[in-house]
file start19.cif (mmCIF, C-alpha atoms and all ligand atoms)
data_entry
#
loop_
_atom_site.label_atom_id
_atom_site.label_comp_id
_atom_site.auth_asym_id
_atom_site.auth_seq_id
_atom_site.Cartn_x
_atom_site.Cartn_y
_atom_site.Cartn_z
CA MET A 700 -25.37 -28.10 9.54
CA SER A 701 -21.79 -27.30 10.50
CA SER A 702 -20.64 -29.20 13.55
CA PRO A 703 -17.42 -28.71 15.51
CA LEU A 704 -15.18 -31.78 15.56
CA THR A 705 -12.35 -32.27 17.95
CA TRP A 706 -9.17 -32.54 15.90
CA PRO A 707 -8.64 -36.28 15.54
CA GLY A 708 -4.82 -36.49 15.36
CA PRO A 709 -1.63 -34.84 16.63
CA GLY A 710 0.18 -31.84 15.15
CA SER A 711 0.83 -28.14 15.74
CA ALA A 712 -1.47 -25.48 14.23
CA PRO A 713 0.78 -24.92 11.14
CA GLU A 714 1.02 -28.69 10.65
CA ARG A 715 -2.74 -28.94 10.80
CA LEU A 716 -3.08 -26.21 8.20
CA ARG A 717 -0.72 -28.19 5.98
CA GLN A 718 -2.70 -31.40 6.50
CA LEU A 719 -5.94 -29.68 5.47
CA VAL A 720 -4.35 -28.07 2.41
CA ALA A 721 -2.81 -31.43 1.44
CA PHE A 722 -6.27 -33.04 1.72
CA ALA A 723 -7.87 -30.33 -0.45
CA LEU A 724 -5.20 -30.56 -3.16
CA HIS A 725 -5.16 -34.36 -3.09
CA HIS A 726 -8.92 -34.30 -3.88
CA ARG A 727 -8.57 -31.33 -6.32
CA LEU A 728 -10.79 -29.14 -4.11
CA PRO A 729 -10.66 -25.36 -3.61
CA VAL A 730 -9.03 -24.03 -0.45
CA ALA A 731 -8.29 -20.56 0.96
CA LEU A 732 -6.09 -19.42 3.85
CA TRP A 733 -5.99 -15.87 5.15
CA ARG A 734 -4.81 -13.65 7.98
CA LEU A 735 -6.71 -10.44 8.71
CA PRO A 736 -4.78 -7.17 9.16
CA ASN A 737 -3.30 -6.76 12.65
CA ALA A 738 -4.39 -10.26 13.67
CA ASP A 739 -2.41 -13.35 14.58
CA ALA A 740 -4.77 -16.17 13.68
CA VAL A 741 -4.73 -17.84 10.28
CA GLN A 742 -8.07 -19.12 9.05
CA LEU A 743 -8.80 -21.73 6.42
CA CYS A 744 -11.88 -22.54 4.38
CA LEU A 745 -12.13 -25.65 2.24
CA SER A 746 -15.01 -26.69 -0.02
CA PHE A 747 -16.08 -30.26 -0.66
CA SER A 748 -17.12 -29.43 -4.23
CA ALA A 749 -15.27 -27.39 -6.86
CA GLU A 750 -18.54 -27.00 -8.83
CA ALA A 751 -20.36 -25.57 -5.82
CA ALA A 752 -17.73 -22.80 -5.69
CA LEU A 753 -18.68 -21.50 -9.14
CA ILE A 754 -21.12 -18.63 -8.69
CA GLY A 755 -21.98 -15.73 -10.92
CA LEU A 756 -23.37 -13.26 -8.42
CA THR A 757 -21.51 -10.92 -6.13
CA PRO A 758 -21.89 -12.42 -2.64
CA ALA A 759 -24.39 -11.05 -0.14
CA LEU A 760 -22.93 -9.91 3.16
CA GLU A 761 -26.02 -10.07 5.38
CA PRO A 762 -25.53 -12.35 8.42
CA THR A 763 -28.10 -14.78 7.02
CA ALA A 764 -26.23 -15.15 3.69
CA PRO A 765 -24.07 -18.23 3.05
CA ALA A 766 -20.64 -18.36 4.69
CA GLY A 767 -17.58 -18.83 2.51
CA PHE A 768 -14.58 -17.23 0.87
CA ALA A 769 -15.09 -14.94 -2.13
CA PHE A 770 -12.49 -14.86 -4.90
CA PHE A 771 -13.56 -12.59 -7.75
CA PRO A 772 -11.68 -11.51 -10.88
CA PHE A 773 -11.20 -7.91 -11.99
CA ARG A 774 -13.45 -8.45 -14.96
CA ASP A 775 -16.29 -10.91 -15.29
CA THR A 776 -15.33 -13.15 -18.21
CA ASP A 777 -15.48 -16.86 -18.94
CA HIS A 778 -11.71 -17.13 -18.46
CA ASN A 779 -11.61 -16.32 -14.78
CA PRO A 780 -14.69 -17.59 -12.99
CA PRO A 781 -15.97 -15.69 -9.94
CA LEU A 782 -15.65 -18.10 -7.03
CA PHE A 783 -17.35 -18.38 -3.68
CA LEU A 784 -15.85 -21.25 -1.71
CA PRO A 785 -18.61 -22.63 0.53
CA ALA A 786 -17.36 -22.96 4.10
CA ASP A 787 -17.62 -26.74 4.28
CA VAL A 788 -14.52 -27.09 6.44
CA VAL A 789 -13.33 -24.19 8.57
CA PHE A 790 -10.17 -24.13 10.68
CA ASP A 791 -8.81 -21.31 12.82
CA THR A 792 -5.32 -21.46 14.33
CA GLU A 793 -6.72 -19.62 17.35
CA HIS A 794 -8.72 -22.78 18.17
CA PRO A 795 -6.50 -25.52 16.69
CA GLU A 796 -8.25 -28.21 18.69
CA LEU A 797 -11.43 -27.73 16.66
CA LEU A 798 -12.56 -28.21 13.10
CA GLN A 799 -15.95 -27.13 11.71
CA VAL A 800 -17.31 -29.58 9.16
CA ASN A 801 -20.57 -29.15 7.26
CA GLU A 802 -21.86 -32.71 7.00
CA ASP A 803 -24.76 -31.59 4.74
CA ALA A 804 -22.59 -29.95 2.09
CA GLU A 805 -22.49 -31.15 -1.49
CA GLY A 806 -19.87 -33.94 -1.57
CA ALA A 807 -19.73 -34.29 2.24
CA ASP A 808 -21.19 -37.81 2.21
CA THR A 809 -17.90 -39.22 0.92
CA LEU A 810 -15.44 -36.40 1.64
CA ALA A 811 -16.27 -35.76 5.32
CA PRO A 812 -15.41 -39.38 6.30
CA ALA A 813 -12.38 -39.25 3.97
CA LEU A 814 -11.19 -36.11 5.78
CA ARG A 815 -11.52 -37.73 9.21
CA GLU A 816 -9.60 -40.75 7.95
CA TRP A 817 -6.92 -38.47 6.42
CA LEU A 818 -6.41 -36.55 9.64
CA HIS A 819 -6.25 -39.77 11.67
CA SER A 820 -3.90 -41.70 9.51
CA ALA A 821 -1.50 -39.17 7.96
CA PRO A 822 0.78 -37.75 10.65
CA ALA A 823 1.40 -34.06 10.08
CA SER A 824 5.17 -34.49 10.28
CA ALA A 825 5.10 -37.17 7.55
CA GLN A 826 3.17 -34.83 5.25
CA GLN A 827 5.58 -32.03 5.98
CA ALA A 828 8.40 -34.15 4.63
CA GLY A 829 6.23 -35.73 1.93
CA PRO A 830 6.00 -34.90 -1.76
CA ALA A 831 5.43 -31.27 -2.82
CA LEU A 832 1.81 -30.16 -2.76
CA ALA A 833 0.04 -30.21 -6.14
CA TRP A 834 -1.23 -26.62 -6.18
CA HIS A 835 -3.94 -25.77 -8.70
CA VAL A 836 -2.61 -24.09 -11.84
CA SER A 837 -4.73 -21.67 -13.87
CA PRO A 838 -5.85 -23.16 -17.21
CA GLN A 839 -5.24 -19.73 -18.78
CA PRO A 840 -1.96 -19.05 -20.57
CA VAL A 841 0.72 -16.97 -18.89
CA PRO A 842 -0.31 -13.34 -19.54
CA HIS A 843 1.56 -10.97 -21.82
CA MET A 844 4.23 -9.04 -19.90
CA ALA A 845 4.88 -5.53 -21.13
CA PRO A 846 8.51 -4.40 -21.14
CA GLN A 847 9.27 -0.84 -20.03
CA GLN A 848 8.86 0.75 -23.47
CA GLU A 849 5.48 -0.83 -24.03
CA TYR A 850 4.29 0.19 -20.57
CA ALA A 851 5.52 3.74 -21.20
CA ALA A 852 3.46 3.78 -24.42
CA LEU A 853 0.37 2.66 -22.47
CA VAL A 854 0.93 5.44 -19.92
CA GLN A 855 1.32 8.00 -22.74
CA ARG A 856 -1.81 6.79 -24.44
CA SER A 857 -3.70 6.97 -21.12
CA VAL A 858 -2.48 10.50 -20.46
CA ALA A 859 -3.63 11.47 -23.97
CA ALA A 860 -7.07 9.95 -23.26
CA ILE A 861 -7.25 12.02 -20.07
CA GLY A 862 -6.12 15.08 -22.01
CA ASN A 863 -8.83 14.72 -24.62
CA GLY A 864 -11.55 14.18 -21.99
CA GLU A 865 -12.20 10.50 -22.72
CA VAL A 866 -11.49 9.68 -19.05
CA LEU A 867 -10.57 11.58 -15.90
CA LYS A 868 -8.29 8.91 -14.46
CA VAL A 869 -7.06 5.48 -15.55
CA VAL A 870 -5.21 2.84 -13.53
CA SER A 871 -2.94 1.01 -15.93
CA SER A 872 -1.15 -2.15 -14.89
CA ARG A 873 1.18 -4.89 -16.01
CA ALA A 874 2.36 -8.40 -15.19
CA ALA A 875 5.95 -9.55 -14.59
CA SER A 876 7.51 -12.95 -14.09
CA GLN A 877 9.94 -14.09 -11.44
CA PRO A 878 11.37 -17.62 -11.25
CA LEU A 879 10.50 -19.56 -8.12
CA PRO A 880 13.45 -19.99 -5.79
CA PRO A 881 14.67 -23.58 -5.28
CA HIS A 882 12.44 -25.59 -2.92
CA PHE A 883 9.77 -22.88 -2.96
CA ASP A 884 6.97 -23.83 -0.58
CA ALA A 885 3.77 -21.79 -0.94
CA LEU A 886 2.64 -22.44 2.63
CA ASN A 887 5.95 -21.24 4.05
CA ALA A 888 5.78 -18.27 1.66
CA PHE A 889 2.32 -17.42 3.01
CA GLY A 890 3.76 -17.56 6.54
CA GLU A 891 6.55 -15.23 5.43
CA LEU A 892 3.99 -12.77 3.99
CA THR A 893 2.09 -12.69 7.28
CA ARG A 894 5.30 -11.96 9.21
CA ARG A 895 6.52 -9.26 6.81
CA TYR A 896 3.22 -7.45 6.44
CA PRO A 897 1.36 -7.47 9.78
CA THR A 898 -1.07 -4.72 8.70
CA ALA A 899 -1.99 -6.30 5.34
CA PHE A 900 -4.64 -8.85 4.49
CA CYS A 901 -2.54 -11.89 3.58
CA SER A 902 -4.01 -14.70 1.54
CA LEU A 903 -3.28 -17.95 -0.25
CA VAL A 904 -6.07 -19.21 -2.49
CA SER A 905 -5.89 -22.33 -4.63
CA ALA A 906 -8.86 -23.40 -6.72
CA PRO A 907 -9.61 -25.30 -9.91
CA GLY A 908 -10.15 -22.84 -12.76
CA ALA A 909 -8.39 -19.99 -10.95
CA GLY A 910 -4.98 -21.40 -10.04
CA THR A 911 -3.03 -20.43 -6.93
CA TRP A 912 -2.65 -16.85 -5.75
CA LEU A 913 -0.71 -15.30 -2.87
CA GLY A 914 -0.86 -11.70 -1.76
CA ALA A 915 -0.63 -9.06 0.95
CA THR A 916 -3.07 -6.27 0.15
CA PRO A 917 -3.50 -2.98 2.02
CA GLU A 918 -6.92 -2.10 0.54
CA ILE A 919 -10.28 -2.84 2.20
CA LEU A 920 -13.10 -2.97 -0.32
CA ALA A 921 -16.09 -3.66 1.96
CA GLN A 922 -16.14 -4.82 5.52
CA VAL A 923 -19.00 -5.56 7.90
CA THR A 924 -18.08 -6.22 11.51
CA GLN A 925 -19.95 -8.04 14.22
CA ASP A 926 -20.28 -4.85 16.22
CA GLY A 927 -22.38 -3.42 13.41
CA LYS A 928 -19.93 -1.27 11.43
CA PHE A 929 -19.62 -1.01 7.66
CA CYS A 930 -16.18 0.16 6.50
CA THR A 931 -14.58 0.99 3.20
CA MET A 932 -11.64 3.17 2.17
CA ALA A 933 -10.29 5.32 -0.63
CA LEU A 934 -6.66 4.31 -1.08
CA ALA A 935 -4.48 5.89 -3.76
CA GLY A 936 -1.30 7.87 -4.35
CA THR A 937 2.04 6.14 -3.88
CA GLN A 938 5.55 7.11 -2.84
CA PRO A 939 8.45 5.10 -1.45
CA LEU A 940 8.79 4.86 2.32
CA GLU A 941 12.22 6.41 2.90
CA PRO A 942 14.28 4.61 5.57
CA GLY A 943 14.33 6.55 8.83
CA HIS A 944 11.25 8.61 7.93
CA LYS A 945 7.82 8.38 9.50
CA PRO A 946 4.73 8.03 7.24
CA SER A 947 3.29 11.16 8.89
CA GLU A 948 6.24 13.21 7.53
CA ALA A 949 5.41 12.42 3.90
CA ILE A 950 4.75 15.30 1.54
CA TRP A 951 2.44 14.65 -1.38
CA ARG A 952 2.41 16.20 -4.83
CA GLN A 953 -0.73 17.71 -6.26
CA LYS A 954 -0.95 14.75 -8.67
CA GLU A 955 -1.32 12.16 -5.87
CA ILE A 956 -3.66 14.36 -3.86
CA GLU A 957 -5.98 14.66 -6.85
CA GLU A 958 -5.68 11.00 -7.72
CA GLN A 959 -6.77 9.97 -4.23
CA ALA A 960 -9.49 12.63 -4.03
CA LEU A 961 -11.10 11.10 -7.13
CA VAL A 962 -11.27 7.72 -5.39
CA ALA A 963 -12.77 9.29 -2.25
CA ARG A 964 -15.28 11.14 -4.41
CA TYR A 965 -16.25 7.84 -6.01
CA VAL A 966 -16.97 6.25 -2.62
CA VAL A 967 -19.12 9.24 -1.65
CA SER A 968 -21.02 8.95 -4.95
CA CYS A 969 -21.83 5.31 -4.10
CA PHE A 970 -23.26 6.36 -0.72
CA LYS A 971 -25.25 9.03 -2.55
CA GLN A 972 -26.70 6.49 -4.97
CA LEU A 973 -27.98 4.60 -1.95
CA ARG A 974 -29.22 7.88 -0.40
CA LEU A 975 -27.05 7.30 2.63
CA ARG A 976 -25.78 10.46 4.27
CA ASP A 977 -24.86 9.25 7.69
CA TYR A 978 -21.26 8.15 7.23
CA GLN A 979 -18.11 9.14 9.03
CA GLU A 980 -15.20 10.19 6.82
CA THR A 981 -11.65 10.37 8.22
CA GLY A 982 -8.58 11.49 6.32
CA PRO A 983 -6.90 11.47 3.95
CA ARG A 984 -3.86 10.44 5.96
CA THR A 985 -0.63 8.72 5.03
CA VAL A 986 -0.35 4.98 5.66
CA ALA A 987 2.51 2.56 5.05
CA ALA A 988 2.03 -0.64 3.07
CA GLY A 989 5.32 -2.52 3.07
CA GLU A 990 7.88 -0.33 1.33
CA VAL A 991 5.36 2.19 0.00
CA LEU A 992 3.16 4.94 1.37
CA HIS A 993 -0.40 5.72 0.31
CA LEU A 994 -3.04 8.32 1.02
CA ARG A 995 -6.10 6.82 2.65
CA THR A 996 -9.55 8.07 3.60
CA ASP A 997 -11.64 5.81 5.83
CA PHE A 998 -15.42 5.65 5.64
CA ILE A 999 -17.43 4.09 8.47
CA VAL A 1000 -21.20 3.66 8.84
CA ASP A 1001 -22.67 2.62 12.16
CA LEU A 1002 -25.29 0.08 11.10
CA ARG A 1003 -26.84 0.18 14.55
CA LYS A 1004 -27.76 3.84 14.03
CA VAL A 1005 -28.48 3.69 10.31
CA PRO A 1006 -31.07 1.01 9.59
CA PHE A 1007 -29.59 -0.25 6.33
CA PRO A 1008 -29.16 -4.03 6.65
CA THR A 1009 -28.12 -4.53 3.01
CA LEU A 1010 -25.52 -1.74 2.97
CA GLY A 1011 -22.51 -4.11 2.76
CA THR A 1012 -23.98 -6.03 -0.18
CA ASP A 1013 -25.15 -2.88 -1.98
CA MET A 1014 -21.84 -1.08 -1.54
CA LEU A 1015 -19.86 -4.10 -2.68
CA ARG A 1016 -21.87 -4.18 -5.91
CA LEU A 1017 -21.34 -0.46 -6.48
CA LEU A 1018 -17.69 -0.30 -5.48
CA HIS A 1019 -16.09 -3.10 -7.45
CA PRO A 1020 -13.96 -2.34 -9.42
CA THR A 1021 -13.14 0.89 -7.59
CA SER A 1022 -11.53 3.89 -9.21
CA ALA A 1023 -8.32 2.85 -7.36
CA VAL A 1024 -7.97 -0.07 -9.80
CA GLY A 1025 -10.03 0.99 -12.84
CA GLY A 1026 -10.42 4.74 -13.08
CA MET A 1027 -13.03 7.45 -13.51
CA PRO A 1028 -15.63 7.60 -14.91
CA ARG A 1029 -15.78 3.94 -14.15
CA GLN A 1030 -17.19 2.50 -17.38
CA ALA A 1031 -15.12 4.73 -19.66
CA ALA A 1032 -11.95 3.76 -17.80
CA LEU A 1033 -12.79 0.04 -17.91
CA ASP A 1034 -13.51 0.24 -21.64
CA PHE A 1035 -10.22 2.05 -22.18
CA LEU A 1036 -8.32 -0.66 -20.28
CA GLU A 1037 -10.03 -3.47 -22.12
CA LYS A 1038 -8.98 -1.93 -25.40
CA HIS A 1039 -5.45 -0.83 -24.57
CA GLU A 1040 -4.02 -2.60 -21.53
CA GLY A 1041 -3.09 -5.64 -23.59
CA TYR A 1042 -3.22 -8.46 -21.05
CA ASP A 1043 -5.58 -10.42 -18.80
CA ARG A 1044 -5.50 -9.18 -15.20
CA ALA A 1045 -7.33 -12.34 -14.10
CA TYR A 1046 -7.78 -12.08 -10.29
CA TYR A 1047 -5.35 -9.19 -9.79
CA SER A 1048 -7.43 -6.13 -8.75
CA GLY A 1049 -10.46 -8.34 -8.26
CA PHE A 1050 -11.61 -8.87 -4.68
CA LEU A 1051 -11.29 -11.58 -2.10
CA GLY A 1052 -12.03 -12.42 1.51
CA PRO A 1053 -14.17 -14.23 4.04
CA VAL A 1054 -17.94 -13.72 4.13
CA ASN A 1055 -19.79 -14.52 7.36
CA LEU A 1056 -16.66 -16.19 8.67
CA PRO A 1057 -15.69 -17.19 11.27
CA GLN A 1058 -19.10 -15.97 12.55
CA PRO A 1059 -22.26 -14.75 10.79
CA GLY A 1060 -22.16 -10.96 10.52
CA ALA A 1061 -18.39 -10.69 9.94
CA SER A 1062 -17.27 -10.14 6.34
CA HIS A 1063 -13.91 -8.76 5.21
CA LEU A 1064 -13.44 -8.16 1.50
CA PHE A 1065 -10.23 -6.69 0.10
CA VAL A 1066 -8.99 -5.60 -3.30
CA ASN A 1067 -6.55 -8.21 -4.60
CA LEU A 1068 -3.38 -6.09 -4.87
CA ARG A 1069 0.33 -6.83 -4.25
CA CYS A 1070 -0.27 -10.39 -5.34
CA PHE A 1071 1.10 -13.08 -7.60
CA GLN A 1072 -0.13 -16.12 -9.39
CA LEU A 1073 1.83 -19.31 -8.87
CA ARG A 1074 2.80 -21.37 -11.92
CA PRO A 1075 4.90 -24.56 -11.82
CA THR A 1076 8.29 -22.81 -12.13
CA GLU A 1077 7.52 -19.09 -11.90
CA ALA A 1078 5.39 -16.49 -10.17
CA ILE A 1079 3.43 -13.96 -12.22
CA LEU A 1080 3.34 -10.70 -10.29
CA TYR A 1081 0.98 -7.78 -10.94
CA ALA A 1082 1.06 -4.05 -10.26
CA GLY A 1083 -0.72 -0.94 -11.44
CA THR A 1084 -0.52 2.81 -11.13
CA GLY A 1085 -3.19 5.48 -11.06
CA LEU A 1086 -2.62 7.95 -13.90
CA THR A 1087 -3.66 11.54 -14.20
CA ILE A 1088 -2.86 14.25 -16.71
CA ASP A 1089 0.50 14.83 -14.94
CA SER A 1090 1.76 11.22 -15.09
CA ASP A 1091 5.30 10.56 -16.25
CA PRO A 1092 5.97 7.13 -17.90
CA THR A 1093 9.35 6.57 -16.20
CA ARG A 1094 7.99 7.37 -12.74
CA GLU A 1095 4.97 5.14 -13.31
CA TRP A 1096 7.22 2.24 -14.37
CA GLN A 1097 9.31 2.74 -11.23
CA GLU A 1098 6.15 2.76 -9.15
CA THR A 1099 5.08 -0.61 -10.57
CA GLU A 1100 8.58 -1.97 -9.85
CA LEU A 1101 8.24 -0.83 -6.24
CA LYS A 1102 4.79 -2.37 -5.86
CA LEU A 1103 5.95 -5.65 -7.43
CA ARG A 1104 8.52 -5.87 -4.65
CA THR A 1105 5.86 -6.24 -1.93
CA ALA A 1106 4.81 -9.77 -2.82
CA GLY A 1107 8.03 -10.35 -4.78
CA ALA A 1108 10.05 -10.05 -1.55
CA ILE A 1109 9.11 -13.59 -0.58
CA LEU A 1110 10.49 -14.96 -3.84
CA GLN A 1111 14.08 -13.98 -3.11
CA LYS A 1112 16.56 -16.86 -3.04
C1 LIG A 1201 -3.33 -0.63 -8.46
C2 LIG A 1201 -2.54 -0.73 -7.40
O1 LIG A 1201 -2.61 0.13 -6.34
C3 LIG A 1201 -3.69 1.01 -6.18
C4 LIG A 1201 -3.86 1.23 -4.72
C5 LIG A 1201 -3.11 2.17 -4.06
C6 LIG A 1201 -2.37 3.11 -4.78
C7 LIG A 1201 -2.46 3.17 -6.14
C8 LIG A 1201 -1.68 4.18 -6.91
O2 LIG A 1201 -0.98 5.00 -6.30
O3 LIG A 1201 -1.69 4.17 -8.13
C9 LIG A 1201 -3.38 2.30 -6.91
O4 LIG A 1201 -4.56 3.01 -7.16
C10 LIG A 1201 -1.54 -1.78 -7.28
O5 LIG A 1201 -0.90 -1.89 -6.22
O6 LIG A 1201 -1.38 -2.59 -8.22
#

call {"tool": "encode", "arguments": {"input": "start19.cif", "output": "structure tokens", "more": "lines below"}}
Ligand SMILES: C=C(O[C@H]1C=CC=C(C(=O)O)[C@@H]1O)C(=O)O
result
Amino acid sequence: MSSPLTWPGPGSAPERLRQLVAFALHHRLPVALWRLPNADAVQLCLSFSAEAALIGLTPALEPTAPAGFAFFPFRDTDHNPPLFLPADVVFDTEHPELLQVNEDAEGADTLAPALREWLHSAPASAQQAGPALAWHVSPQPVPHMAPQQEYAALVQRSVAAIGNGEVLKVVSSRAASQPLPPHFDALNAFGELTRRYPTAFCSLVSAPGAGTWLGATPEILAQVTQDGKFCTMALAGTQPLEPGHKPSEAIWRQKEIEEQALVARYVVSCFKQLRLRDYQETGPRTVAAGEVLHLRTDFIVDLRKVPFPTLGTDMLRLLHPTSAVGGMPRQAALDFLEKHEGYDRAYYSGFLGPVNLPQPGASHLFVNLRCFQLRPTEAILYAGTGLTIDSDPTREWQETELKLRTAGAILQK
């Protein structure tokens, strides 16, 4: 049973977040922080057991399903375990005077009293000035980083595969490294992400086996709200946001229109598989995500009118990985990427977000885009581009450069 505790010590909401993160890292536990799009509050979920966070199955989104934070890789392999952080400790900066602690959780017998002691005895200000936090580091090696020529060859090979009918669309991607600026502080960087990208889902996840990841993604994968709505979106097509121009003035090429239409068609095919016809489709319209524009179609199902209690869970299983990060047809595109992409995407283009948090019936899962992985002295950034028969290697490289700048902006000295 989770019980609300009154916060036992002093400290502002950001200081309290830091105290909880410091506790998690000190005990080598998994922790996640996030800020929903267009919201102010930052939420935190901490698990008392790293082992309990290791799950194989895609999480269920029904209100009766366990509460926690999902962190899933692009591809299910032994290297990057799918994680579901049980909500053993939950903190919300909107109610900084409270802390939810599950006293029955695995590990709570020793860790719940240790947490109370930690919050009592370690003043937030002392921890702020204390030694740097020991963030989890992925046990996997740093991924291969394709230089421009190699990425251009991948784009050409993908276009050839589209040309010969092997696939309709492929989303190729790459990793790039950026040194950490002096005195880089991941918690401050997370705060900076939330300020820069108010409409994105901003996250900071640190867990044994996965490492530490920060990001600001624009893409909802599956969302169930407490007022009974299921939402997903088809997001694709990219162009730079020109200074002084409004997103609504953007003109799209046929290539991007087709690329996004394929993603929308994929979402509709998932509804069809579930024999669900009663959905509301809006768009495509142009939306801004940091310095770039995308085409987006929104899909909403009113779960109060359509009696389909497992829709969120079923759609999540069908949607991931969407054609916005893999391609079409799905399996052929994934096979192509496995063979030719040449690096491990790890958690980039996987999905992440709170399930049944802060209340049962509220789940917000996003595609892990515009993100980076934190290593001791560098950040590994990731970006991909949807390819069609008309893709040009130089343009696609430039598009990845632009997308890398979203999360990369917080790494500037
Ligand atoms: C794969 C990424 O973006 C996807 C989402 C929006 C637009 C996309 C595009 O235009 O290619 C991608 O499908 C990425 O940001 O790494």

call {"tool": "residues_near_ligand", "arguments": {"input": "start19.cif", "ligand": "ligand LIG 1201 (chain A)", "cutoff": "10 Å", "atoms": "all atoms listed in the file", "output": "ChimeraX atom specification"}}
result
/A:869-874,916-918,933-938,955,958-959,962,988,991-995,1021-1026,1047-1048,1066-1070,1080-1087,1095,1098-1099,1101-1103,1105

call {"tool": "closest_residue", "arguments": {"input": "start19.cif", "among": "A:Val841, A:Val1054, A:Ala807, A:Ala752", "to": "Pro907 of chain A", "atoms": "all atoms listed in the file"}}
result
A:Ala752

call {"tool": "atom_distance", "arguments": {"input": "start19.cif", "atom1": "atom CA of Thr931 of chain A", "atom2": "atom CA of Leu735 of chain A"}}
result
14.9 Å

call {"tool": "atom_distance", "arguments": {"input": "start19.cif", "atom1": "atom CA of Phe1007 of chain A", "atom2": "atom CA of Arg976 of chain A"}}
result
11.6 Å

call {"tool": "closest_residue", "arguments": {"input": "start19.cif", "among": "A:Ile861, A:Ala949, A:Val741, A:Ala1108", "to": "Arg715 of chain A", "atoms": "only C-alpha atoms"}}
result
A:Val741

call {"tool": "atom_distance", "arguments": {"input": "start19.cif", "atom1": "atom CA of Gly710 of chain A", "atom2": "atom CA of Gly890 of chain A"}}
result
17.1 Å

call {"tool": "closest_residue", "arguments": {"input": "start19.cif", "among": "A:Ile754, A:Leu728, A:Ala740, A:Pro840", "to": "Asp787 of chain A", "atoms": "all atoms listed in the file"}}
result
A:Leu728

call {"tool": "residues_around", "arguments": {"input": "start19.cif", "residues": "segment 845-851 of chain A", "least_positions_apart": "6", "cutoff": "7 Å", "atoms": "only C-alpha atoms", "output": "ChimeraX atom specification"}}
result
/A:873,1092-1093,1096

call {"tool": "residues_around", "arguments": {"input": "start19.cif", "residues": "Phe1065 of chain A", "least_positions_apart": "3", "cutoff": "8 Å", "atoms": "all atoms listed in the file", "output": "short mmCIF file (atom, residue, chain, number, x, y, z; two decimals) with C-alpha atoms, keeping the file's coordinate frame"}}
result
data_model
loop_
_atom_site.label_atom_id
_atom_site.label_comp_id
_atom_site.auth_asym_id
_atom_site.auth_seq_id
_atom_site.Cartn_x
_atom_site.Cartn_y
_atom_site.Cartn_z
CA PHE A 900 -4.64 -8.85 4.49
CA THR A 916 -3.07 -6.27 0.15
CA PRO A 917 -3.50 -2.98 2.02
CA GLU A 918 -6.92 -2.10 0.54
CA ILE A 919 -10.28 -2.84 2.20
CA LEU A 920 -13.10 -2.97 -0.32
CA ALA A 921 -16.09 -3.66 1.96
CA PHE A 1050 -11.61 -8.87 -4.68
CA LEU A 1051 -11.29 -11.58 -2.10
CA GLY A 1052 -12.03 -12.42 1.51
#

call {"tool": "residues_around", "arguments": {"input": "start19.cif", "residues": "Ser857 of chain A", "least_positions_apart": "3", "cutoff": "10 Å", "atoms": "only C-alpha atoms", "output": "list in words"}}
result
Ala851, Ala852, Leu853, Val854, Ala860, Ile861, Gly862, Asn863, Glu865, Val866, Leu867, Lys868, Val869, Val870, Ser871, Ala1032, Phe1035, Leu1036, His1039, Glu1040, Leu1086, Thr1087, Ile1088 and Ser1090 of chain A

call {"tool": "closest_residue", "arguments": {"input": "start19.cif", "among": "A:Leu1018, A:Ala875, A:Ala1061, A:Ala764", "to": "Ser968 of chain A", "atoms": "all atoms listed in the file"}}
result
A:Leu1018

call {"tool": "residues_around", "arguments": {"input": "start19.cif", "residues": "Leu745 of chain A", "least_positions_apart": "6", "cutoff": "10 Å", "atoms": "only C-alpha atoms", "output": "list of chain:residue names"}}
result
A:Leu719, A:Val720, A:Phe722, A:Ala723, A:Leu728, A:Pro729, A:Val730, A:Ala731, A:Leu732, A:Gly767, A:Phe768, A:Leu784, A:Pro785, A:Ala786, A:Asp787, A:Val788, A:Val789, A:Phe790, A:Val800, A:Ser905, A:Ala906

call {"tool": "closest_residue", "arguments": {"input": "start19.cif", "among": "A:Asn801, A:Thr1009, A:Thr898, A:Gln1030", "to": "Val986 of chain A", "atoms": "all atoms listed in the file"}}
result
A:Thr898

call {"tool": "axis_aligned_box", "arguments": {"input": "start19.cif", "around": "segment 1034-1038 of chain A", "padding_each_side": "5 Å", "output": "lines of an AutoDock Vina configuration file"}}
result
center_x = -10.9
center_y = -0.7
center_z = -22.8
size_x = 15.2
size_y = 15.5
size_z = 15.1

call {"tool": "residues_near_point", "arguments": {"input": "start19.cif", "point": "(-19.1, -5.2, 2.3)", "cutoff": "6 Å", "atoms": "all atoms listed in the file", "output": "list of chain:residue names"}}
result
A:Ala921, A:Gln922, A:Val923, A:Gly1011, A:Thr1012, A:Leu1015
